[in-house]
Amino acid sequence: MLYLLKYTVVCVKIRLCEVKRDLKKVLKILEFDKILDRLAGYTQSEQVRRRIYKLEPYRDVKTASAAQRETTEAVSTLLKLGTPPVSLSAADVRGSVRRAAQGGVLTARELIDISRVLYIARRMRSYLDEITAECAVLVGLRERLVVCRTLEDKINSAVISETEIADDASSELSSLRRRMKNLNGKIRDTLNGMIHSAYYKKYLQDSIVTMRSDRYVVPVRAEYKSEVPGIVHDTSSTGQTMFIEPMSVVNMNNEIRDLKNAEQREIERILAELSVAAAENAEDIEEDHKCISELDFIFAKGKLSLDTDGAEPKLNGKGIINFKKARHPLIDRDKVVANNITFGKGTDTLVVTGPNTGGKTVTLKTVGLLSIMAAAGLHITAADNSDAAVFSKIYADIGDEQSIEQSLSTFSSHMVNIVKIMKNVDTNTLALFDELGAGTDPTEGAALAIAILERLREMGVKTLATTHYSELKLFALSTDGVENASCEFDVKTLQPTYKLLIGVPGKSNAFAISRRLGLDKSVIDRANDILSDEDIKFEDVITDLEAARTQARRDADENERMKAELKDLRKAIESDRIKLKDNKSRILQEANRQAKIIVMDAKDEANEIIRELERLRQQGISELDEKASSARQRLKKREDSIDKKLKDTVIPKRTAAQPPKDLKPGELVRILDIDCDATVIKPPDKYGKVRVEAGIIKMETDITNLRRTDTDAKKHEKQTEHYTRGFESKAKTASTELDIRGQYPDEGLMNAEKFLDDCYLAGISTARIVHGKGTGVLKKYIRDMLRKNKFVKSYRPGEFGEGDDGVTVVELK
């Protein structure tokens, strides 16, 4: 019984290995490995790369749908928030953390890697704070990220690089290094006095101080070595120079050596202390590393989708495929022809015919590759709302795999694959066959192909097969559930169009191609005579079908073109109407402004006349009282009337057009009250408030103050620049100096970036950032930022009187 059990286990293992091997073979045939190569190019993490290269299609709809949601959330987040603020590449610190937890002492390199993981986790949590609850997967990962700022800062303040520990990592280390520095100075002073003295100069090979075995020495001529008492540490290759440590500095060199040993012990103590701190946060560090790797993988999928213009398909487990405008993801999108590919609902078998190089094999590979990508959680290169099936198994017999060693012909090698496929298929299998039944006698090959398709249909397999056999075309025409498809070919140009036509059988066009290539007409006529009447009639039916289909497509294309022209015309008329209304408003405002100037001048003149009348009245000319009072009242009424009209015309009126509906992030709109283009960041809330971005300015405005626009990118850039400059008056209060001493690097970096934005808006050309000297970490962060900031023209350290190296002087563009 035990032997039987072991035998069963071995058989199961062998079977699993065969299934795994078959799957890898299919993935390679359908070029899924090349998709993974592209996906791996979006990460720098070796751990994530390994995960990517292990990616395979899931076999159940639920798991595949969850993976698709991850990709969709990544795409949505990248479009709304842009690329994450930090690279998600982080070293695998799990081994280091576990060793620290067991009492091990970590190296400086390992501590830097841990600090990097904590830094990425902190920045990514801040980045993901702006996503909405709709991104459930990313929200969940955000909540799992743990911020350990204390440990991160402790490591950063102590460890400068993998070979250098900061002086102020401890007071003891600082004291040791200060003493070493003083001793080094004393030694050099002593030796400099020696090499420049008249007495010793004649004994020296060169008047220099050098080092051998970490000790200060002077080069003495070999014949005078007894004249310079000391310890010989080295001899030149010629033997003419002896490197001697003078006795006057031996004790100081010994003391330096002792201090260096003490320094090394202190460094080891510091590393041990930091290792204990890492061990105390071991679980949080490992969780952060796990989340970062997950985010890296998810955002890699999102970037691939954006670069290939992919879309999330609707997944099903019923074998239904409806790819809209599908294209092969590895073919240049400017060259590939998009096709609608539909089968699986009422049709379980698709027979694709057409001439060689017409695109049949590409169609086969496109269906297989997009099905694999969809099941693996990757967006597919097809239009929105496409349907993709999650198959439990996918098999493909594509390409010539004839084997000399195994004495297999082309037909035999294909038949070996077909036999294996038919043994392993089930009701949820996709089978792809290229040139089914080819490589043998056409009559027998066609009959065999029909029999294979019938058996696969009986087993419930979804099948795509390419062929040149007319018998298979006839089989598809006369069998329910089987449909013809063809790849279009232009006989006039002898070029394929790569258009897939569902429901229409294709012609091989051998006679037409041969005629165009110059084959003698008599030969073609003789070949035509050899064809049977049935063959000729069938080809004529195909010809008529193709002609009718071509004309129908031309009519449809013409209708689409006319509809597009009409739509563009309506849009242009609407745009002209809006522009006319806007221009009318601006002209009226300018006219009223000029009118107001004239009226003000008239009011001043009238007031002067009234004052003159008042002066005459006071002089005793009483008959003017009544006239002056009447003139004053008329002038007051006229002023009130003019002011009311000016007030009504100066205030901009809202357009009569309806506010835009269904605004989405990324859409381009015009802000009416400031006449500026902007990009929607967040859709309108329940109060109608929309968050938009114009240049570097983000604001909220009412949806009634917005209108959609099709303005091109260049005009949008000019408008946003004009809008940004319009805020200069508000930025005039910006200071020319920022003091960030004592701040954390990230805090100081954020304040410095805002300070530079304010200075740029205010038109300030030169600004000063006071960061202090300290360990130099804050200074390094600031200057790295300045080197990349698009507003910065140049920068330099402060000079004497400006704060020296504790200040950076910035010149803005």
# chains A, B, ... in the order shown; residues from 1 in each chain; ligands from 1
$ select_by_dssp --residues "region 355-510 of chain A" --states "alpha helix (DSSP H)" --output "PDB file with N, CA and C atoms, in the first residue's frame"
ATOM      1  N   LYS A 360      -2.936  36.302 -40.605  1.00  0.00           N
ATOM      2  CA  LYS A 360      -3.671  35.233 -39.898  1.00  0.00           C
ATOM      3  C   LYS A 360      -2.960  34.828 -38.607  1.00  0.00           C
ATOM      4  N   THR A 361      -1.653  34.602 -38.699  1.00  0.00           N
ATOM      5  CA  THR A 361      -0.903  34.173 -37.515  1.00  0.00           C
ATOM      6  C   THR A 361      -0.872  35.261 -36.460  1.00  0.00           C
ATOM      7  N   VAL A 362      -0.759  36.530 -36.890  1.00  0.00           N
ATOM      8  CA  VAL A 362      -0.775  37.644 -35.934  1.00  0.00           C
ATOM      9  C   VAL A 362      -2.118  37.690 -35.208  1.00  0.00           C
ATOM     10  N   THR A 363      -3.202  37.430 -35.943  1.00  0.00           N
ATOM     11  CA  THR A 363      -4.524  37.391 -35.313  1.00  0.00           C
ATOM     12  C   THR A 363      -4.580  36.304 -34.252  1.00  0.00           C
ATOM     13  N   LEU A 364      -4.041  35.139 -34.600  1.00  0.00           N
ATOM     14  CA  LEU A 364      -4.018  34.010 -33.671  1.00  0.00           C
ATOM     15  C   LEU A 364      -3.239  34.379 -32.401  1.00  0.00           C
ATOM     16  N   LYS A 365      -2.048  34.949 -32.601  1.00  0.00           N
ATOM     17  CA  LYS A 365      -1.208  35.320 -31.460  1.00  0.00           C
ATOM     18  C   LYS A 365      -1.833  36.449 -30.644  1.00  0.00           C
ATOM     19  N   THR A 366      -2.517  37.363 -31.317  1.00  0.00           N
ATOM     20  CA  THR A 366      -3.156  38.475 -30.592  1.00  0.00           C
ATOM     21  C   THR A 366      -4.221  37.960 -29.647  1.00  0.00           C
ATOM     22  N   VAL A 367      -5.063  37.043 -30.146  1.00  0.00           N
ATOM     23  CA  VAL A 367      -6.113  36.472 -29.288  1.00  0.00           C
ATOM     24  C   VAL A 367      -5.500  35.739 -28.104  1.00  0.00           C
ATOM     25  N   GLY A 368      -4.477  34.920 -28.365  1.00  0.00           N
ATOM     26  CA  GLY A 368      -3.850  34.160 -27.287  1.00  0.00           C
ATOM     27  C   GLY A 368      -3.134  35.040 -26.294  1.00  0.00           C
ATOM     28  N   LEU A 369      -2.343  36.016 -26.800  1.00  0.00           N
ATOM     29  CA  LEU A 369      -1.561  36.872 -25.902  1.00  0.00           C
ATOM     30  C   LEU A 369      -2.453  37.770 -25.066  1.00  0.00           C
ATOM     31  N   LEU A 370      -3.481  38.368 -25.667  1.00  0.00           N
ATOM     32  CA  LEU A 370      -4.383  39.239 -24.892  1.00  0.00           C
ATOM     33  C   LEU A 370      -5.160  38.435 -23.849  1.00  0.00           C
ATOM     34  N   SER A 371      -5.493  37.203 -24.175  1.00  0.00           N
ATOM     35  CA  SER A 371      -6.187  36.358 -23.187  1.00  0.00           C
ATOM     36  C   SER A 371      -5.271  36.057 -22.003  1.00  0.00           C
ATOM     37  N   ILE A 372      -4.006  35.788 -22.286  1.00  0.00           N
ATOM     38  CA  ILE A 372      -3.043  35.523 -21.209  1.00  0.00           C
ATOM     39  C   ILE A 372      -2.825  36.783 -20.374  1.00  0.00           C
ATOM     40  N   MET A 373      -2.646  37.936 -21.023  1.00  0.00           N
ATOM     41  CA  MET A 373      -2.430  39.190 -20.295  1.00  0.00           C
ATOM     42  C   MET A 373      -3.623  39.512 -19.401  1.00  0.00           C
ATOM     43  N   ALA A 374      -4.825  39.334 -19.934  1.00  0.00           N
ATOM     44  CA  ALA A 374      -6.026  39.627 -19.147  1.00  0.00           C
ATOM     45  C   ALA A 374      -6.096  38.736 -17.910  1.00  0.00           C
ATOM     46  N   ALA A 375      -5.790  37.435 -18.089  1.00  0.00           N
ATOM     47  CA  ALA A 375      -5.853  36.508 -16.961  1.00  0.00           C
ATOM     48  C   ALA A 375      -4.714  36.730 -15.970  1.00  0.00           C
ATOM     49  N   THR A 410       7.285  18.265 -40.883  1.00  0.00           N
ATOM     50  CA  THR A 410       6.448  19.379 -40.438  1.00  0.00           C
ATOM     51  C   THR A 410       5.074  18.874 -40.005  1.00  0.00           C
ATOM     52  N   PHE A 411       4.471  18.014 -40.835  1.00  0.00           N
ATOM     53  CA  PHE A 411       3.150  17.479 -40.492  1.00  0.00           C
ATOM     54  C   PHE A 411       3.206  16.668 -39.197  1.00  0.00           C
ATOM     55  N   SER A 412       4.238  15.843 -39.081  1.00  0.00           N
ATOM     56  CA  SER A 412       4.333  14.979 -37.900  1.00  0.00           C
ATOM     57  C   SER A 412       4.515  15.794 -36.623  1.00  0.00           C
ATOM     58  N   SER A 413       5.354  16.837 -36.694  1.00  0.00           N
ATOM     59  CA  SER A 413       5.577  17.654 -35.499  1.00  0.00           C
ATOM     60  C   SER A 413       4.306  18.365 -35.079  1.00  0.00           C
ATOM     61  N   HIS A 414       3.536  18.845 -36.082  1.00  0.00           N
ATOM     62  CA  HIS A 414       2.253  19.466 -35.743  1.00  0.00           C
ATOM     63  C   HIS A 414       1.307  18.438 -35.140  1.00  0.00           C
ATOM     64  N   MET A 415       1.303  17.252 -35.698  1.00  0.00           N
ATOM     65  CA  MET A 415       0.370  16.231 -35.215  1.00  0.00           C
ATOM     66  C   MET A 415       0.712  15.795 -33.794  1.00  0.00           C
ATOM     67  N   VAL A 416       2.031  15.745 -33.442  1.00  0.00           N
ATOM     68  CA  VAL A 416       2.424  15.423 -32.066  1.00  0.00           C
ATOM     69  C   VAL A 416       1.839  16.439 -31.101  1.00  0.00           C
ATOM     70  N   ASN A 417       1.926  17.742 -31.455  1.00  0.00           N
ATOM     71  CA  ASN A 417       1.355  18.793 -30.609  1.00  0.00           C
ATOM     72  C   ASN A 417      -0.159  18.657 -30.495  1.00  0.00           C
ATOM     73  N   ILE A 418      -0.815  18.370 -31.645  1.00  0.00           N
ATOM     74  CA  ILE A 418      -2.279  18.283 -31.651  1.00  0.00           C
ATOM     75  C   ILE A 418      -2.748  17.117 -30.786  1.00  0.00           C
ATOM     76  N   VAL A 419      -2.042  15.990 -30.874  1.00  0.00           N
ATOM     77  CA  VAL A 419      -2.405  14.821 -30.061  1.00  0.00           C
ATOM     78  C   VAL A 419      -2.313  15.164 -28.580  1.00  0.00           C
ATOM     79  N   LYS A 420      -1.219  15.841 -28.190  1.00  0.00           N
ATOM     80  CA  LYS A 420      -1.050  16.210 -26.785  1.00  0.00           C
ATOM     81  C   LYS A 420      -2.141  17.190 -26.345  1.00  0.00           C
ATOM     82  N   ILE A 421      -2.467  18.129 -27.230  1.00  0.00           N
ATOM     83  CA  ILE A 421      -3.507  19.110 -26.888  1.00  0.00           C
ATOM     84  C   ILE A 421      -4.845  18.421 -26.668  1.00  0.00           C
ATOM     85  N   MET A 422      -5.199  17.502 -27.576  1.00  0.00           N
ATOM     86  CA  MET A 422      -6.511  16.853 -27.483  1.00  0.00           C
ATOM     87  C   MET A 422      -6.616  15.936 -26.272  1.00  0.00           C
ATOM     88  N   LYS A 423      -5.481  15.492 -25.738  1.00  0.00           N
ATOM     89  CA  LYS A 423      -5.504  14.661 -24.536  1.00  0.00           C
ATOM     90  C   LYS A 423      -5.727  15.487 -23.273  1.00  0.00           C
ATOM     91  N   ASN A 424      -5.376  16.761 -23.324  1.00  0.00           N
ATOM     92  CA  ASN A 424      -5.352  17.565 -22.093  1.00  0.00           C
ATOM     93  C   ASN A 424      -6.428  18.653 -22.024  1.00  0.00           C
ATOM     94  N   PRO A 442      -3.550  17.567 -49.463  1.00  0.00           N
ATOM     95  CA  PRO A 442      -4.605  18.541 -49.154  1.00  0.00           C
ATOM     96  C   PRO A 442      -5.946  17.902 -48.839  1.00  0.00           C
ATOM     97  N   THR A 443      -6.304  16.852 -49.583  1.00  0.00           N
ATOM     98  CA  THR A 443      -7.617  16.228 -49.356  1.00  0.00           C
ATOM     99  C   THR A 443      -7.671  15.573 -47.982  1.00  0.00           C
ATOM    100  N   GLU A 444      -6.640  14.793 -47.682  1.00  0.00           N
ATOM    101  CA  GLU A 444      -6.596  14.142 -46.376  1.00  0.00           C
ATOM    102  C   GLU A 444      -6.412  15.165 -45.260  1.00  0.00           C
ATOM    103  N   GLY A 445      -5.571  16.191 -45.510  1.00  0.00           N
ATOM    104  CA  GLY A 445      -5.329  17.216 -44.494  1.00  0.00           C
ATOM    105  C   GLY A 445      -6.596  17.973 -44.147  1.00  0.00           C
ATOM    106  N   ALA A 446      -7.408  18.309 -45.185  1.00  0.00           N
ATOM    107  CA  ALA A 446      -8.649  19.035 -44.939  1.00  0.00           C
ATOM    108  C   ALA A 446      -9.631  18.172 -44.151  1.00  0.00           C
ATOM    109  N   ALA A 447      -9.747  16.890 -44.545  1.00  0.00           N
ATOM    110  CA  ALA A 447     -10.663  15.991 -43.844  1.00  0.00           C
ATOM    111  C   ALA A 447     -10.240  15.812 -42.392  1.00  0.00           C
ATOM    112  N   LEU A 448      -8.937  15.678 -42.174  1.00  0.00           N
ATOM    113  CA  LEU A 448      -8.429  15.514 -40.814  1.00  0.00           C
ATOM    114  C   LEU A 448      -8.686  16.772 -39.981  1.00  0.00           C
ATOM    115  N   ALA A 449      -8.516  17.942 -40.593  1.00  0.00           N
ATOM    116  CA  ALA A 449      -8.734  19.205 -39.885  1.00  0.00           C
ATOM    117  C   ALA A 449     -10.193  19.342 -39.453  1.00  0.00           C
ATOM    118  N   ILE A 450     -11.111  18.969 -40.360  1.00  0.00           N
ATOM    119  CA  ILE A 450     -12.537  19.051 -40.024  1.00  0.00           C
ATOM    120  C   ILE A 450     -12.855  18.106 -38.866  1.00  0.00           C
ATOM    121  N   ALA A 451     -12.297  16.910 -38.897  1.00  0.00           N
ATOM    122  CA  ALA A 451     -12.553  15.934 -37.834  1.00  0.00           C
ATOM    123  C   ALA A 451     -12.025  16.424 -36.491  1.00  0.00           C
ATOM    124  N   ILE A 452     -10.857  17.045 -36.514  1.00  0.00           N
ATOM    125  CA  ILE A 452     -10.275  17.581 -35.273  1.00  0.00           C
ATOM    126  C   ILE A 452     -11.155  18.695 -34.707  1.00  0.00           C
ATOM    127  N   LEU A 453     -11.614  19.592 -35.572  1.00  0.00           N
ATOM    128  CA  LEU A 453     -12.466  20.697 -35.109  1.00  0.00           C
ATOM    129  C   LEU A 453     -13.780  20.159 -34.539  1.00  0.00           C
ATOM    130  N   GLU A 454     -14.340  19.131 -35.183  1.00  0.00           N
ATOM    131  CA  GLU A 454     -15.590  18.548 -34.678  1.00  0.00           C
ATOM    132  C   GLU A 454     -15.378  17.935 -33.297  1.00  0.00           C
ATOM    133  N   ARG A 455     -14.268  17.209 -33.110  1.00  0.00           N
ATOM    134  CA  ARG A 455     -14.011  16.601 -31.811  1.00  0.00           C
ATOM    135  C   ARG A 455     -13.810  17.667 -30.726  1.00  0.00           C
ATOM    136  N   LEU A 456     -13.081  18.714 -31.043  1.00  0.00           N
ATOM    137  CA  LEU A 456     -12.860  19.794 -30.069  1.00  0.00           C
ATOM    138  C   LEU A 456     -14.177  20.472 -29.704  1.00  0.00           C
ATOM    139  N   ARG A 457     -15.062  20.620 -30.682  1.00  0.00           N
ATOM    140  CA  ARG A 457     -16.370  21.226 -30.404  1.00  0.00           C
ATOM    141  C   ARG A 457     -17.176  20.341 -29.467  1.00  0.00           C
ATOM    142  N   GLU A 458     -17.100  19.021 -29.683  1.00  0.00           N
ATOM    143  CA  GLU A 458     -17.802  18.093 -28.805  1.00  0.00           C
ATOM    144  C   GLU A 458     -17.305  18.192 -27.371  1.00  0.00           C
ATOM    145  N   SER A 470     -10.328  25.138 -48.802  1.00  0.00           N
ATOM    146  CA  SER A 470     -11.698  25.559 -49.100  1.00  0.00           C
ATOM    147  C   SER A 470     -12.702  24.693 -48.353  1.00  0.00           C
ATOM    148  N   GLU A 471     -12.323  23.406 -48.094  1.00  0.00           N
ATOM    149  CA  GLU A 471     -13.233  22.510 -47.385  1.00  0.00           C
ATOM    150  C   GLU A 471     -13.572  23.041 -46.001  1.00  0.00           C
ATOM    151  N   LEU A 472     -12.590  23.674 -45.341  1.00  0.00           N
ATOM    152  CA  LEU A 472     -12.855  24.227 -44.006  1.00  0.00           C
ATOM    153  C   LEU A 472     -13.733  25.465 -44.082  1.00  0.00           C
ATOM    154  N   LYS A 473     -13.577  26.225 -45.157  1.00  0.00           N
ATOM    155  CA  LYS A 473     -14.471  27.375 -45.346  1.00  0.00           C
ATOM    156  C   LYS A 473     -15.911  26.891 -45.489  1.00  0.00           C
ATOM    157  N   LEU A 474     -16.081  25.827 -46.289  1.00  0.00           N
ATOM    158  CA  LEU A 474     -17.405  25.257 -46.490  1.00  0.00           C
ATOM    159  C   LEU A 474     -17.954  24.675 -45.195  1.00  0.00           C
ATOM    160  N   PHE A 475     -17.079  24.034 -44.431  1.00  0.00           N
ATOM    161  CA  PHE A 475     -17.469  23.472 -43.137  1.00  0.00           C
ATOM    162  C   PHE A 475     -17.986  24.568 -42.200  1.00  0.00           C
ATOM    163  N   ALA A 476     -17.294  25.722 -42.203  1.00  0.00           N
ATOM    164  CA  ALA A 476     -17.713  26.832 -41.346  1.00  0.00           C
ATOM    165  C   ALA A 476     -19.034  27.424 -41.819  1.00  0.00           C
ATOM    166  N   LEU A 477     -19.235  27.465 -43.141  1.00  0.00           N
ATOM    167  CA  LEU A 477     -20.489  28.020 -43.665  1.00  0.00           C
ATOM    168  C   LEU A 477     -21.684  27.134 -43.350  1.00  0.00           C
ATOM    169  N   SER A 478     -21.461  25.833 -43.276  1.00  0.00           N
ATOM    170  CA  SER A 478     -22.573  24.903 -43.140  1.00  0.00           C
ATOM    171  C   SER A 478     -22.763  24.362 -41.723  1.00  0.00           C
ATOM    172  N   ALA A 510      -4.360  33.147 -55.196  1.00  0.00           N
ATOM    173  CA  ALA A 510      -3.138  32.655 -55.853  1.00  0.00           C
ATOM    174  C   ALA A 510      -3.088  33.077 -57.319  1.00  0.00           C
TER     175      ALA A 510
END
$ closest_atom_pairs --of "region 122-141 of chain A" --to "region 739-752 of chain A" --cutoff "12 Å" --atoms "only C-alpha atoms" --output "JSON lines"
{"residue": "A:Arg122", "atom": "CA", "partner": "A:Asp746", "partner_atom": "CA", "distance": 10.4}
{"residue": "A:Arg123", "atom": "CA", "partner": "A:Asp746", "partner_atom": "CA", "distance": 9.4}
{"residue": "A:Ser126", "atom": "CA", "partner": "A:Asp746", "partner_atom": "CA", "distance": 11.8}
$ residues_around --residues "Phe433 (chain A)" --least-positions-apart "2" --cutoff "6 Å" --atoms "only C-alpha atoms" --output "list in words"
Asp397, Leu436 and Ala465 of chain A
$ write_last_selection --atoms "C-alpha atoms" --output "PDB file, in the first residue's frame"
ATOM      1  CA  ASP A 397       0.246  24.929 -32.208  1.00  0.00           C
ATOM      2  CA  LEU A 436      -4.426  23.136 -39.291  1.00  0.00           C
ATOM      3  CA  ALA A 465      -7.683  27.836 -36.572  1.00  0.00           C
TER       4      ALA A 465
END
$ residues_around --residues "Ser89 (chain A)" --least-positions-apart "6" --cutoff "9 Å" --atoms "only C-alpha atoms" --output "list in words"
Thr43, Gln44, Ser45, Glu46, Val48, Val117, Ile120, Ile292, Ser293 and Asp296 of chain A
$ write_last_selection --atoms "all heavy atoms" --output "tab-separated table (two decimals), in the first residue's frame"
chain	number	residue	atom	x	y	z
A	43	THR	N	10.85	48.54	-13.21
A	43	THR	CA	11.32	48.45	-11.82
A	43	THR	C	12.82	48.24	-11.80
A	43	THR	O	13.40	47.69	-12.74
A	43	THR	CB	10.63	47.29	-11.08
A	43	THR	OG1	11.12	47.22	-9.75
A	43	THR	CG2	10.88	45.96	-11.77
A	44	GLN	N	13.43	48.69	-10.71
A	44	GLN	CA	14.85	48.49	-10.51
A	44	GLN	C	15.12	47.47	-9.41
A	44	GLN	O	16.27	47.18	-9.09
A	44	GLN	CB	15.52	49.83	-10.15
A	44	GLN	CG	15.41	50.87	-11.25
A	44	GLN	CD	15.98	52.21	-10.85
A	44	GLN	OE1	16.38	52.40	-9.70
A	44	GLN	NE2	16.01	53.14	-11.77
A	45	SER	N	14.08	46.93	-8.84
A	45	SER	CA	14.21	45.98	-7.74
A	45	SER	C	14.35	44.56	-8.30
A	45	SER	O	13.50	44.09	-9.06
A	45	SER	CB	12.98	46.05	-6.83
A	45	SER	OG	12.95	44.98	-5.93
A	46	GLU	N	15.43	43.88	-7.92
A	46	GLU	CA	15.64	42.52	-8.37
A	46	GLU	C	14.56	41.58	-7.82
A	46	GLU	O	14.13	40.64	-8.49
A	46	GLU	CB	17.03	42.03	-7.94
A	46	GLU	CG	18.16	42.61	-8.74
A	46	GLU	CD	18.01	42.33	-10.24
A	46	GLU	OE1	17.63	41.20	-10.60
A	46	GLU	OE2	18.25	43.25	-11.04
A	48	VAL	N	11.40	42.34	-7.24
A	48	VAL	CA	10.19	42.53	-8.04
A	48	VAL	C	10.38	41.94	-9.44
A	48	VAL	O	9.45	41.37	-10.02
A	48	VAL	CB	9.82	44.03	-8.11
A	48	VAL	CG1	8.59	44.24	-8.99
A	48	VAL	CG2	9.55	44.57	-6.71
A	117	VAL	N	14.40	51.96	3.11
A	117	VAL	CA	13.06	51.36	3.15
A	117	VAL	C	12.11	52.23	3.97
A	117	VAL	O	10.97	52.49	3.55
A	117	VAL	CB	13.14	49.93	3.74
A	117	VAL	CG1	11.73	49.41	4.07
A	117	VAL	CG2	13.82	48.99	2.78
A	120	ILE	N	11.25	55.43	1.94
A	120	ILE	CA	10.28	55.18	0.87
A	120	ILE	C	8.88	54.98	1.45
A	120	ILE	O	7.90	55.50	0.93
A	120	ILE	CB	10.70	53.96	0.04
A	120	ILE	CG1	12.02	54.25	-0.71
A	120	ILE	CG2	9.62	53.58	-0.96
A	120	ILE	CD1	12.58	53.03	-1.43
A	292	ILE	N	6.19	47.97	0.02
A	292	ILE	CA	6.91	48.68	-1.03
A	292	ILE	C	7.07	47.79	-2.26
A	292	ILE	O	6.88	48.24	-3.41
A	292	ILE	CB	8.28	49.15	-0.51
A	292	ILE	CG1	8.10	50.29	0.49
A	292	ILE	CG2	9.18	49.63	-1.66
A	292	ILE	CD1	9.37	50.63	1.26
A	293	SER	N	7.42	46.53	-2.06
A	293	SER	CA	7.57	45.59	-3.18
A	293	SER	C	6.23	45.42	-3.90
A	293	SER	O	6.18	45.37	-5.14
A	293	SER	CB	8.08	44.24	-2.68
A	293	SER	OG	9.37	44.36	-2.12
A	296	ASP	N	5.57	48.56	-5.87
A	296	ASP	CA	6.46	48.59	-7.04
A	296	ASP	C	5.90	47.72	-8.16
A	296	ASP	O	5.86	48.12	-9.33
A	296	ASP	CB	7.85	48.10	-6.62
A	296	ASP	CG	8.92	48.47	-7.63
A	296	ASP	OD1	8.59	49.14	-8.63
A	296	ASP	OD2	10.09	48.11	-7.43
$ closest_residue --among "A:Glu286, A:Glu488, A:Asp37, A:Glu574" --to "Asn339 (chain A)" --atoms "only C-alpha atoms"
A:Glu488
